[in-house]
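Engineer: The structure is given below, and queries will be raised subsequently.
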Amino acid sequence: MEICKSVLVCTVYVHLLINLVSGLAIPRCIQGWLDIPDENITVIKCSDISWTDTVEWTLENEAENQTVFDGLCGITIGICRSNNNDIYLERRSASSEASLYIVKNHWSYGGLRLTCSTNTQVASCITNVIHSAELSSCRTEITQASWQLTVTCNVDNFLSSHKPGRCGVIQHVEGKTEPSQSFKTVICPLVLHNCTNQTNLQIYQKGNCSCTIDLPDVIGNYSYIMKILPGAAQEIAGEARIDKSETDCMIFMKENPGGSCKCYQRDQGSFSTTPGTGQAARYVCILVRSSTSQTGGQSNNTCQNPYPPTSPPIIKGNENILILGENKTLTCTVNGGKPLVSSVIFVCGNKTGTPDFGDDESVSSSINFHVQVHHHFTSCQCSAIWQRKPELYLDKSFITLYVKQGETEEKTELLAQTTVVTPVTKLQGKKTFLRVRKYT
């Protein structure tokens with residue numbers, strides 16, 4: 001179920017300027033704002049730090065005069081303290097940078113003042129949590145009488161927690177080397193509707209962006225790109241060839257099966273002065289390649305519900321037999337989910353996995369062993385937290401480790417058990433037996 005309320009998002013807004021004293025800088029802080037994607041681990045760096053300085057990070061709710069996060073990284077490399085399980089700090093050797101990692105609960109940290117400081121320097125900006133828009137059904141329409149082009153795209157699943165969204169169309173002409181000559185940007189009205197997702201009670205936005213711009217008088221090949229900010233969403237809505245005569249659409253269609261090509265003659269009344277014979281742009285041909293969204297189906301324009309991973313954690317490390325004295329790494333990975341899990345909890349005996357790492361499709365945690373006798377029959381367990389609704393992902397995986405003392409002729413077979421516990425089987429578990437070997 002969705003609760004929708006229409007709102008008009010203005011395209012003009014005022015930036016809160018960064019408060020910066022001396023050399024410290026937060027490179028991702030642009031005009032006083034720091035955008036934080038709501039999925040995966042976010043890394044924020046503070047640069048130009050002297051190696052002799054202790055660095056303090058804070059997140060403050062200025063409206064309520066409340067410190068949400070406070071952490072320190074001292075002169076000794078790697079020694080950092082934090083009062084928050086969602087955030088950890090890092091400072092590497094021979095580096096003038098310190099890093100802050102937000103690993104989960106991103107939505108809790110929007111609209112706060114983030115500060116990086118030493119005894120003599122400070123840099124700060126305001127955080128803005130974002131979910132990049134999804135653009136679909138982009139299309140173009142020609143008005144011959146006024147020699148204008150209208151570009152429209154549907155917008156889905158967009159959110160900017162504390163900064164108004166913006167929409168624009170970029171006109172790019174081929175063959176120009178100077179950016180000032182090859183690109184022209186027009187700000188457009190962005191109309192959005194709030195949509196409350198009933199699964200996680202998070203508000204997303206959907207709607208459309210539409211913009212009408214004057215077509216050029218200069219002959220050339222142009223492309224029109226729709227872009228939504230903040231975030232990385234952009235889509236080519238169409239291409240235009242402006243010339244003295246019509247484009248041969250048959251040639252284009254042969255080169256671009258599944259695309260479209262349509263030409264329009266310019267109305268005489270749209271010329272500001274009477275053009276000389278054969279000199280003016282008299283035709284515009286709109287070209288849409290099969291790969292652009294204009295040729296796709298219409299978007300249903302609905303907020304997509306998030307979903308947890310659909311498979312249990314996977315523990316990998318070649319095999320679960322360890323050789324006495326070797327160095328061994330085991331990794332537990334959780335694949336899929338939208339968003340991905342916020343944290344992987346991997347434990348083997350008294351060892352705990354490293355901080356989470358991953359990519360766009362998975363999150364992992366690893367444990368390194370210098371194998372000792374006491375690791376024999378060590379039990380490992382892996383689970384994960386899907387922050388949107390933890391009770392929807394309760395899967396766990398187990399594996400038992402065995403240690404061999406070296407290579408001998410005699411081999412004794414034994415049965416090692418890897419167990420996967422899912423919300424369906426709960427305590428009874430689902431048992432999968434792997435045949436392994438123990439050497440004595």
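By convention here, the chains of the structure tokens are called A, B, ... in the order presented, each chain's residues are numbered starting at 1, and ligands are numbered starting at 1 in the order presented.
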Can you list every residue of region 54-129 of chain A that has an atom at most 9 Å from region 160-181 of chain A, with its nearest atom pair and the distance in Å to one decimal, using only C-alpha atoms, ordered by chain then number, as CSV?
Structural biologist:
```
residue,atom,partner,partner_atom,distance
A:Trp107,CA,A:Ser161,CA,8.2
A:Gly110,CA,A:Ser161,CA,6.3
A:Gly111,CA,A:His162,CA,5.8
A:Thr127,CA,A:His162,CA,8.0
A:Asn128,CA,A:His162,CA,5.5
A:Val129,CA,A:Ser161,CA,5.3
```
Engineer: Do you know which residues are at most 7 Å from Gly74 (chain A) counting only C-alpha atoms, after dropping those on the same chain fewer than 3 positions away, and could you put them as a PyMOL selection string?
Structural biologist: chain A and resi 54-55+79-80
Engineer: Quick one: pick out all helix (DSSP H, G or I) residues within region 225-366 of chain A from a backbone DSSP run and write them as a list in words.
Structural biologist: Cys249, Met250, Ile251, Phe252, Met253, Lys254, Glu255, Gln268, Gly269, Ser270, Ser293, Gln294 and Thr295 of chain A
Engineer: My list of candidates is A:Ser290, A:Cys211, A:His131, A:Glu235. Which is closest to Cys261 (chain A) when distances are computed with only C-alpha atoms?
Structural biologist: A:Ser290
Engineer: Per residue of region 105-154 of chain A within 12 Å of region 380-391 of chain A, what are the shortest atom pair and its distance in Å to one decimal, counting only C-alpha atoms, with rows by chain and residue number, as a tab-separated table?
Structural biologist:
```
residue	atom	partner	partner_atom	distance
A:Asn105	CA	A:Gln387	CA	6.8
A:His106	CA	A:Gln387	CA	9.6
A:Trp107	CA	A:Arg388	CA	10.3
A:Ser108	CA	A:Gln387	CA	11.7
```
